[in-house]
$ cat upload20.cif   # mmCIF, C-alpha atoms
data_query
loop_
_atom_site.group_PDB
_atom_site.id
_atom_site.type_symbol
_atom_site.label_atom_id
_atom_site.label_comp_id
_atom_site.auth_asym_id
_atom_site.auth_seq_id
_atom_site.Cartn_x
_atom_site.Cartn_y
_atom_site.Cartn_z
ATOM 1 C CA MET A 26 7.854 97.427 54.967
ATOM 2 C CA LEU A 27 4.558 97.231 53.137
ATOM 3 C CA ALA A 28 3.599 93.579 52.594
ATOM 4 C CA LEU A 29 1.205 92.088 50.047
ATOM 5 C CA TYR A 30 -0.372 88.709 50.791
ATOM 6 C CA SER A 31 -1.945 86.987 47.808
ATOM 7 C CA TYR A 32 -2.328 83.663 46.042
ATOM 8 C CA PRO A 33 0.680 82.138 44.264
ATOM 9 C CA GLY A 34 1.386 82.658 40.597
ATOM 10 C CA LEU A 35 0.708 80.374 37.663
ATOM 11 C CA PHE A 36 1.837 80.274 34.013
ATOM 12 C CA GLY A 37 4.351 83.056 34.615
ATOM 13 C CA VAL A 38 1.765 85.432 36.104
ATOM 14 C CA ALA A 39 2.618 86.799 39.559
ATOM 15 C CA ASP A 40 -0.765 85.887 41.047
ATOM 16 C CA ASN A 41 -3.326 83.459 39.674
ATOM 17 C CA ASN A 42 -6.158 85.517 41.178
ATOM 18 C CA PRO A 43 -7.072 88.667 39.212
ATOM 19 C CA PHE A 44 -7.623 90.809 42.299
ATOM 20 C CA GLY A 45 -4.242 89.916 43.769
ATOM 21 C CA LEU A 46 -2.539 90.521 40.439
ATOM 22 C CA LYS A 47 -4.318 93.881 40.220
ATOM 23 C CA VAL A 48 -2.801 94.975 43.549
ATOM 24 C CA PHE A 49 0.623 93.576 42.635
ATOM 25 C CA ALA A 50 0.590 95.487 39.343
ATOM 26 C CA PHE A 51 -0.637 98.658 41.039
ATOM 27 C CA LEU A 52 2.214 98.553 43.544
ATOM 28 C CA ARG A 53 4.764 98.080 40.778
ATOM 29 C CA LEU A 54 3.261 100.838 38.612
ATOM 30 C CA ALA A 55 3.113 103.209 41.567
ATOM 31 C CA GLY A 56 6.733 102.463 42.490
ATOM 32 C CA LEU A 57 6.027 101.490 46.088
ATOM 33 C CA PRO A 58 8.532 99.064 47.646
ATOM 34 C CA PHE A 59 6.844 95.999 49.106
ATOM 35 C CA SER A 60 7.364 92.375 49.980
ATOM 36 C CA HIS A 61 5.150 89.791 48.314
ATOM 37 C CA HIS A 62 3.997 86.744 50.258
ATOM 38 C CA HIS A 63 2.217 83.929 48.434
ATOM 39 C CA ILE A 64 -0.280 82.029 50.561
ATOM 40 C CA PHE A 65 -3.266 79.753 50.021
ATOM 41 C CA ASP A 66 -4.965 80.062 53.412
ATOM 42 C CA SER A 67 -7.137 83.170 53.565
ATOM 43 C CA ARG A 68 -8.674 82.539 56.983
ATOM 44 C CA GLN A 69 -6.521 85.170 58.711
ATOM 45 C CA ALA A 70 -7.151 87.786 56.031
ATOM 46 C CA PRO A 71 -9.569 90.708 56.498
ATOM 47 C CA HIS A 72 -13.015 89.456 55.409
ATOM 48 C CA GLY A 73 -11.423 86.018 54.940
ATOM 49 C CA GLN A 74 -10.364 86.901 51.390
ATOM 50 C CA LEU A 75 -7.149 87.456 49.475
ATOM 51 C CA PRO A 76 -5.426 89.708 48.655
ATOM 52 C CA TYR A 77 -4.679 91.886 51.631
ATOM 53 C CA ILE A 78 -1.867 94.173 52.688
ATOM 54 C CA ASP A 79 -0.098 94.918 55.942
ATOM 55 C CA ASP A 80 0.871 98.577 55.752
ATOM 56 C CA ASP A 81 2.982 99.166 58.841
ATOM 57 C CA GLY A 82 0.484 97.346 61.021
ATOM 58 C CA THR A 83 -2.666 98.421 59.189
ATOM 59 C CA LEU A 84 -4.377 95.464 57.532
ATOM 60 C CA VAL A 85 -6.506 96.232 54.484
ATOM 61 C CA GLY A 86 -8.445 93.758 52.350
ATOM 62 C CA ASP A 87 -10.404 94.083 49.096
ATOM 63 C CA SER A 88 -8.392 95.178 46.077
ATOM 64 C CA SER A 89 -10.231 98.457 45.489
ATOM 65 C CA ALA A 90 -10.031 99.383 49.166
ATOM 66 C CA ILE A 91 -6.311 98.545 49.112
ATOM 67 C CA VAL A 92 -5.691 100.858 46.155
ATOM 68 C CA ALA A 93 -7.684 103.681 47.770
ATOM 69 C CA HIS A 94 -5.802 103.230 51.040
ATOM 70 C CA LEU A 95 -2.404 103.274 49.352
ATOM 71 C CA VAL A 96 -3.193 106.356 47.276
ATOM 72 C CA GLY A 97 -4.326 108.263 50.358
ATOM 73 C CA ARG A 98 -1.744 107.122 52.864
ATOM 74 C CA HIS A 99 1.273 107.359 50.583
ATOM 75 C CA ARG A 100 0.073 110.394 48.603
ATOM 76 C CA LEU A 101 0.465 108.569 45.320
ATOM 77 C CA SER A 102 0.146 110.601 42.148
ATOM 78 C CA ILE A 103 -0.539 107.730 39.743
ATOM 79 C CA ASP A 104 -4.089 108.980 39.024
ATOM 80 C CA SER A 105 -3.534 112.674 39.685
ATOM 81 C CA GLY A 106 -3.712 113.588 36.002
ATOM 82 C CA LEU A 107 -7.136 112.049 35.432
ATOM 83 C CA SER A 108 -10.135 114.252 34.789
ATOM 84 C CA ALA A 109 -13.423 113.777 36.639
ATOM 85 C CA PRO A 110 -15.006 111.920 33.655
ATOM 86 C CA GLN A 111 -11.953 109.657 33.418
ATOM 87 C CA ARG A 112 -12.230 108.788 37.108
ATOM 88 C CA ILE A 113 -15.890 107.884 36.606
ATOM 89 C CA GLN A 114 -14.962 105.761 33.588
ATOM 90 C CA ALA A 115 -12.290 103.943 35.610
ATOM 91 C CA PHE A 116 -14.790 103.295 38.399
ATOM 92 C CA CYS A 117 -17.264 101.778 35.941
ATOM 93 C CA ILE A 118 -14.592 99.577 34.362
ATOM 94 C CA ASN A 119 -13.655 98.233 37.770
ATOM 95 C CA ARG A 120 -17.269 97.213 38.309
ATOM 96 C CA VAL A 121 -17.344 95.482 34.920
ATOM 97 C CA LEU A 122 -14.196 93.586 35.906
ATOM 98 C CA ASP A 123 -15.806 92.573 39.198
ATOM 99 C CA ASP A 124 -18.526 90.917 37.132
ATOM 100 C CA LEU A 125 -15.995 89.306 34.771
ATOM 101 C CA TYR A 126 -14.439 87.553 37.756
ATOM 102 C CA TRP A 127 -17.326 85.104 37.997
ATOM 103 C CA SER A 128 -17.124 83.916 34.395
ATOM 104 C CA MET A 129 -13.353 83.610 34.633
ATOM 105 C CA SER A 130 -13.542 81.647 37.862
ATOM 106 C CA TYR A 131 -16.326 79.471 36.426
ATOM 107 C CA SER A 132 -14.052 78.509 33.527
ATOM 108 C CA ARG A 133 -11.393 77.211 35.918
ATOM 109 C CA TRP A 134 -13.383 75.452 38.612
ATOM 110 C CA LYS A 135 -16.859 74.697 37.286
ATOM 111 C CA ASP A 136 -16.518 73.754 33.620
ATOM 112 C CA ASP A 137 -15.537 70.083 33.305
ATOM 113 C CA ARG A 138 -13.821 70.788 29.974
ATOM 114 C CA TYR A 139 -11.196 73.091 31.518
ATOM 115 C CA TRP A 140 -11.051 72.087 35.163
ATOM 116 C CA PRO A 141 -8.593 69.173 34.651
ATOM 117 C CA ALA A 142 -6.026 71.383 32.890
ATOM 118 C CA PHE A 143 -6.299 74.065 35.578
ATOM 119 C CA ARG A 144 -6.125 71.534 38.421
ATOM 120 C CA ASP A 145 -3.119 69.756 36.943
ATOM 121 C CA ALA A 146 -1.283 73.054 36.339
ATOM 122 C CA VAL A 147 -1.724 74.058 39.989
ATOM 123 C CA LEU A 148 -0.605 70.646 41.250
ATOM 124 C CA ARG A 149 2.386 70.626 38.928
ATOM 125 C CA THR A 150 3.464 74.168 39.831
ATOM 126 C CA HIS A 151 2.770 73.975 43.575
ATOM 127 C CA PRO A 152 3.753 70.577 44.971
ATOM 128 C CA THR A 153 2.550 71.501 48.466
ATOM 129 C CA VAL A 154 -1.036 71.519 47.177
ATOM 130 C CA SER A 155 -2.763 68.126 47.109
ATOM 131 C CA ALA A 156 -5.407 66.831 44.746
ATOM 132 C CA GLU A 157 -7.723 66.476 47.747
ATOM 133 C CA GLU A 158 -7.285 70.160 48.573
ATOM 134 C CA MET A 159 -8.068 71.124 44.987
ATOM 135 C CA ASP A 160 -11.220 69.006 45.075
ATOM 136 C CA ALA A 161 -12.255 70.645 48.348
ATOM 137 C CA ALA A 162 -11.649 74.093 46.890
ATOM 138 C CA ARG A 163 -13.712 73.151 43.866
ATOM 139 C CA ALA A 164 -16.621 72.054 46.049
ATOM 140 C CA TYR A 165 -16.374 75.328 47.974
ATOM 141 C CA ASN A 166 -16.447 77.312 44.742
ATOM 142 C CA PHE A 167 -19.479 75.389 43.536
ATOM 143 C CA GLU A 168 -21.324 76.670 46.605
ATOM 144 C CA ARG A 169 -20.152 80.234 45.945
ATOM 145 C CA TYR A 170 -21.332 80.039 42.341
ATOM 146 C CA ARG A 171 -24.722 78.678 43.393
ATOM 147 C CA TYR A 172 -25.311 81.499 45.865
ATOM 148 C CA GLN A 173 -24.000 84.149 43.468
ATOM 149 C CA GLY A 174 -26.135 82.747 40.670
ATOM 150 C CA ILE A 175 -23.668 81.913 37.912
ATOM 151 C CA GLY A 176 -23.477 78.319 39.119
ATOM 152 C CA ARG A 177 -27.029 77.888 37.856
ATOM 153 C CA TYR A 178 -26.075 78.975 34.327
ATOM 154 C CA ALA A 179 -25.286 76.671 31.444
ATOM 155 C CA PRO A 180 -21.682 77.161 30.268
ATOM 156 C CA GLU A 181 -22.655 79.181 27.191
ATOM 157 C CA GLU A 182 -24.708 81.511 29.397
ATOM 158 C CA ALA A 183 -21.854 81.961 31.850
ATOM 159 C CA TYR A 184 -19.392 82.774 29.079
ATOM 160 C CA LYS A 185 -21.780 85.150 27.319
ATOM 161 C CA ARG A 186 -21.796 87.222 30.478
ATOM 162 C CA GLY A 187 -17.999 87.282 30.640
ATOM 163 C CA LEU A 188 -17.646 87.978 26.926
ATOM 164 C CA ASP A 189 -19.990 90.952 27.260
ATOM 165 C CA ASP A 190 -17.724 92.292 30.016
ATOM 166 C CA LEU A 191 -14.610 91.835 27.885
ATOM 167 C CA ARG A 192 -16.268 93.517 24.900
ATOM 168 C CA ALA A 193 -17.095 96.520 27.056
ATOM 169 C CA VAL A 194 -13.467 96.888 28.128
ATOM 170 C CA ALA A 195 -12.099 96.252 24.637
ATOM 171 C CA GLY A 196 -14.496 98.811 23.174
ATOM 172 C CA MET A 197 -13.086 101.543 25.432
ATOM 173 C CA LEU A 198 -9.424 100.896 24.687
ATOM 174 C CA GLU A 199 -7.897 103.486 22.380
ATOM 175 C CA ASN A 200 -4.362 103.844 21.036
ATOM 176 C CA GLY A 201 -2.525 103.439 24.330
ATOM 177 C CA PRO A 202 -0.167 101.937 25.092
ATOM 178 C CA PHE A 203 -2.086 102.446 28.355
ATOM 179 C CA PHE A 204 -5.764 103.021 28.893
ATOM 180 C CA PHE A 205 -5.584 106.791 29.217
ATOM 181 C CA GLY A 206 -2.589 107.334 26.958
ATOM 182 C CA ALA A 207 1.155 107.276 27.393
ATOM 183 C CA SER A 208 1.321 106.828 31.176
ATOM 184 C CA PRO A 209 -0.141 103.994 33.268
ATOM 185 C CA THR A 210 -2.799 104.629 35.890
ATOM 186 C CA SER A 211 -4.535 102.405 38.395
ATOM 187 C CA ILE A 212 -7.115 101.222 35.860
ATOM 188 C CA ASP A 213 -4.307 99.653 33.826
ATOM 189 C CA ALA A 214 -3.437 97.517 36.850
ATOM 190 C CA SER A 215 -7.075 96.452 37.155
ATOM 191 C CA ILE A 216 -7.466 95.472 33.512
ATOM 192 C CA TYR A 217 -4.116 93.689 33.519
ATOM 193 C CA GLY A 218 -5.063 91.688 36.609
ATOM 194 C CA PHE A 219 -7.904 90.099 34.691
ATOM 195 C CA VAL A 220 -6.690 89.950 31.116
ATOM 196 C CA ALA A 221 -3.282 88.497 32.050
ATOM 197 C CA ASN A 222 -5.078 85.763 33.985
ATOM 198 C CA ILE A 223 -6.834 84.861 30.746
ATOM 199 C CA LEU A 224 -4.286 85.583 28.013
ATOM 200 C CA PHE A 225 -1.235 83.952 29.600
ATOM 201 C CA TYR A 226 -3.093 80.768 30.549
ATOM 202 C CA PRO A 227 -2.663 78.147 27.795
ATOM 203 C CA ILE A 228 -6.212 76.898 28.378
ATOM 204 C CA ASP A 229 -8.419 77.846 25.439
ATOM 205 C CA THR A 230 -11.626 78.852 27.137
ATOM 206 C CA PRO A 231 -14.079 81.056 25.228
ATOM 207 C CA LEU A 232 -12.766 84.002 27.244
ATOM 208 C CA ARG A 233 -9.194 83.403 26.097
ATOM 209 C CA GLU A 234 -10.281 82.880 22.506
ATOM 210 C CA TYR A 235 -11.903 86.303 22.587
ATOM 211 C CA VAL A 236 -8.907 88.053 24.153
ATOM 212 C CA VAL A 237 -6.551 86.507 21.591
ATOM 213 C CA SER A 238 -8.851 87.753 18.815
ATOM 214 C CA GLN A 239 -8.685 91.342 20.099
ATOM 215 C CA PRO A 240 -5.292 92.927 19.331
ATOM 216 C CA GLY A 241 -6.064 95.914 21.530
ATOM 217 C CA LEU A 242 -6.645 93.824 24.642
ATOM 218 C CA ALA A 243 -3.621 91.634 24.021
ATOM 219 C CA LEU A 244 -1.324 94.588 23.290
ATOM 220 C CA HIS A 245 -2.504 96.464 26.370
ATOM 221 C CA CYS A 246 -1.932 93.394 28.528
ATOM 222 C CA GLN A 247 1.570 92.881 27.139
ATOM 223 C CA ALA A 248 2.452 96.572 27.586
ATOM 224 C CA VAL A 249 1.419 96.531 31.241
ATOM 225 C CA HIS A 250 3.102 93.164 31.797
ATOM 226 C CA ASP A 251 6.390 94.435 30.376
ATOM 227 C CA HIS A 252 6.160 97.609 32.464
ATOM 228 C CA VAL A 253 5.274 95.765 35.649
ATOM 229 C CA MET A 254 7.746 92.914 35.330
ATOM 230 C CA GLY A 255 10.497 95.282 34.171
ATOM 231 C CA ALA A 256 10.144 97.404 37.304
ATOM 232 C CA ALA A 257 12.495 96.961 40.226
ATOM 233 C CA ALA A 258 11.772 93.724 42.025
ATOM 234 C CA PRO A 259 9.773 94.060 45.239
ATOM 235 C CA GLY A 260 11.694 93.889 48.467
#
$ encode --input "upload20.cif" --output "structure tokens"
Amino acid sequence: MLALYSYPGLFGVADNNPFGLKVFAFLRLAGLPFSHHHIFDSRQAPHGQLPYIDDDGTLVGDSSAIVAHLVGRHRLSIDSGLSAPQRIQAFCINRVLDDLYWSMSYSRWKDDRYWPAFRDAVLRTHPTVSAEEMDAARAYNFERYRYQGIGRYAPEEAYKRGLDDLRAVAGMLENGPFFFGASPTSIDASIYGFVANILFYPIDTPLREYVVSQPGLALHCQAVHDHVMGAAAPG
């Protein structure tokens, strides 16, 4: 059976990493049976990153590569109704979300105002994780942020970047309930992966304050969440 390996959930969200939640939601929306394995150690994963899948012996990492692989190998029709301009729009949104990741991650690990609440939630929800491991992960993320560049930003600069990304997505949402109308497509899984990891976290970062203030984003997130979590449970 197809297996998804990703980080554990938090605050009722199936994966506390937006890329893992994106793949989880895609699999549920596409109706593919799969088993879901929550892990913390990514050293055995392709590229050393989560999520990844094991599709009958084929290991695939990177959320966008996973979606492309699944669509091709399993002949999925989830995006078959999209026009060429819609496919280009979805591609661009995915790139915006890739950028949003850094501001979101910054709010959890880098910002001293929100780090304690995030750390304590992980420790409370996952007793196998130690405070020392969380501190080590934080130090590792500090290095990632420094090399990427956002670690050199002041908090207001880091959040401005993320808020610009969220505004771009919110500005393209129409009447829904899904991004391109009445039926979900893969871009709904992508947007949900990020917005759910902001909206459902009771930590009032500037990113969450913005999402809460945007009915379109919140309603889209809830619609996808209800659809995904109401689907048949993965095997």
$ atom_distance --input "upload20.cif" --atom1 "CA of Asp137 (chain A)" --atom2 "CA of Phe167 (chain A)"
12.2 Å
$ residues_around --input "upload20.cif" --residues "Pro227 (chain A)" --least-positions-apart "6" --cutoff "12 Å" --atoms "only C-alpha atoms" --output "PyMOL selection string"
chain A and resi 35-38+133+139+142-143+146+221+233-234+237
$ resolve_selection --input "upload20.cif" --expression "the PyMOL selection byres ((chain A and resi 112-118) around 12)" --output "MDAnalysis selection string"
chainID A and resid 89 93 104:111 119:125 190:198 204:205 210:216 219
$ closest_residue --input "upload20.cif" --among "A:Phe51, A:Phe65, A:Phe203, A:Tyr126" --to "Val154 (chain A)" --atoms "all atoms listed in the file"
A:Phe65
$ closest_residue --input "upload20.cif" --among "A:Phe225, A:Phe49, A:Tyr235, A:Phe59" --to "Met254 (chain A)" --atoms "only C-alpha atoms"
A:Phe49
$ closest_residue --input "upload20.cif" --among "A:His151, A:Leu27, A:Tyr32, A:Gln239" --to "Arg98 (chain A)" --atoms "all atoms listed in the file"
A:Leu27
$ atom_distance --input "upload20.cif" --atom1 "CA of Ala28 (chain A)" --atom2 "CA of Asp80 (chain A)"
6.5 Å
$ atom_distance --input "upload20.cif" --atom1 "CA of Val220 (chain A)" --atom2 "CA of Cys246 (chain A)"
6.4 Å
$ closest_residue --input "upload20.cif" --among "A:Pro180, A:Ile175, A:Trp127, A:Leu75" --to "Ile91 (chain A)" --atoms "all atoms listed in the file"
A:Leu75
$ residues_near_point --input "upload20.cif" --point "(-20.8, 79.3, 35.1)" --cutoff "8 Å" --atoms "all atoms listed in the file" --output "ChimeraX atom specification"
/A:127-128,131-132,135-136,170,175-180,182-184
$ closest_residue --input "upload20.cif" --among "A:Val147, A:Leu244, A:Met26, A:Leu188" --to "Met159 (chain A)" --atoms "all atoms listed in the file"
A:Val147
$ residues_around --input "upload20.cif" --residues "Pro33 (chain A)" --least-positions-apart "3" --cutoff "8 Å" --atoms "all atoms listed in the file" --output "PDB file with C-alpha atoms, in the frame of the given file"
ATOM      1  CA  ALA A  39       2.618  86.799  39.559  1.00  0.00           C
ATOM      2  CA  ASP A  40      -0.765  85.887  41.047  1.00  0.00           C
ATOM      3  CA  ASN A  41      -3.326  83.459  39.674  1.00  0.00           C
ATOM      4  CA  HIS A  63       2.217  83.929  48.434  1.00  0.00           C
ATOM      5  CA  ILE A  64      -0.280  82.029  50.561  1.00  0.00           C
ATOM      6  CA  PHE A  65      -3.266  79.753  50.021  1.00  0.00           C
TER       7      PHE A  65
END
$ build_atoms --input "upload20.cif" --residues "region 50-64 of chain A" --atoms "N, CA and C atoms" --output "compact mmCIF listing (two decimals), in the frame of the given file"
# COMPACT_ATOMS: atom_id res chain seq x y z
N ALA A 50 0.26 94.59 40.46
CA ALA A 50 0.59 95.49 39.34
C ALA A 50 0.50 96.95 39.77
N PHE A 51 -0.50 97.28 40.57
CA PHE A 51 -0.64 98.66 41.04
C PHE A 51 0.60 99.07 41.83
N LEU A 52 1.04 98.23 42.73
CA LEU A 52 2.21 98.55 43.54
C LEU A 52 3.44 98.76 42.67
N ARG A 53 3.61 97.93 41.66
CA ARG A 53 4.76 98.08 40.78
C ARG A 53 4.65 99.36 39.94
N LEU A 54 3.45 99.64 39.42
CA LEU A 54 3.26 100.84 38.61
C LEU A 54 3.44 102.11 39.44
N ALA A 55 3.01 102.04 40.70
CA ALA A 55 3.11 103.21 41.57
C ALA A 55 4.51 103.39 42.14
N GLY A 56 5.35 102.36 42.01
CA GLY A 56 6.73 102.46 42.49
C GLY A 56 6.89 102.33 43.99
N LEU A 57 5.92 101.68 44.65
CA LEU A 57 6.03 101.49 46.09
C LEU A 57 6.82 100.22 46.39
N PRO A 58 7.83 100.29 47.24
CA PRO A 58 8.53 99.06 47.65
C PRO A 58 7.63 98.20 48.53
N PHE A 59 7.69 96.91 48.32
CA PHE A 59 6.84 96.00 49.11
C PHE A 59 7.43 94.60 49.06
N SER A 60 7.03 93.80 50.02
CA SER A 60 7.36 92.38 49.98
C SER A 60 6.11 91.62 49.59
N HIS A 61 6.29 90.55 48.85
CA HIS A 61 5.15 89.79 48.31
C HIS A 61 5.17 88.40 48.91
N HIS A 62 4.09 88.04 49.58
CA HIS A 62 4.00 86.74 50.26
C HIS A 62 2.86 85.94 49.63
N HIS A 63 3.21 84.79 49.06
CA HIS A 63 2.22 83.93 48.43
C HIS A 63 1.66 82.95 49.46
N ILE A 64 0.36 82.94 49.62
CA ILE A 64 -0.28 82.03 50.56
C ILE A 64 -1.54 81.46 49.91
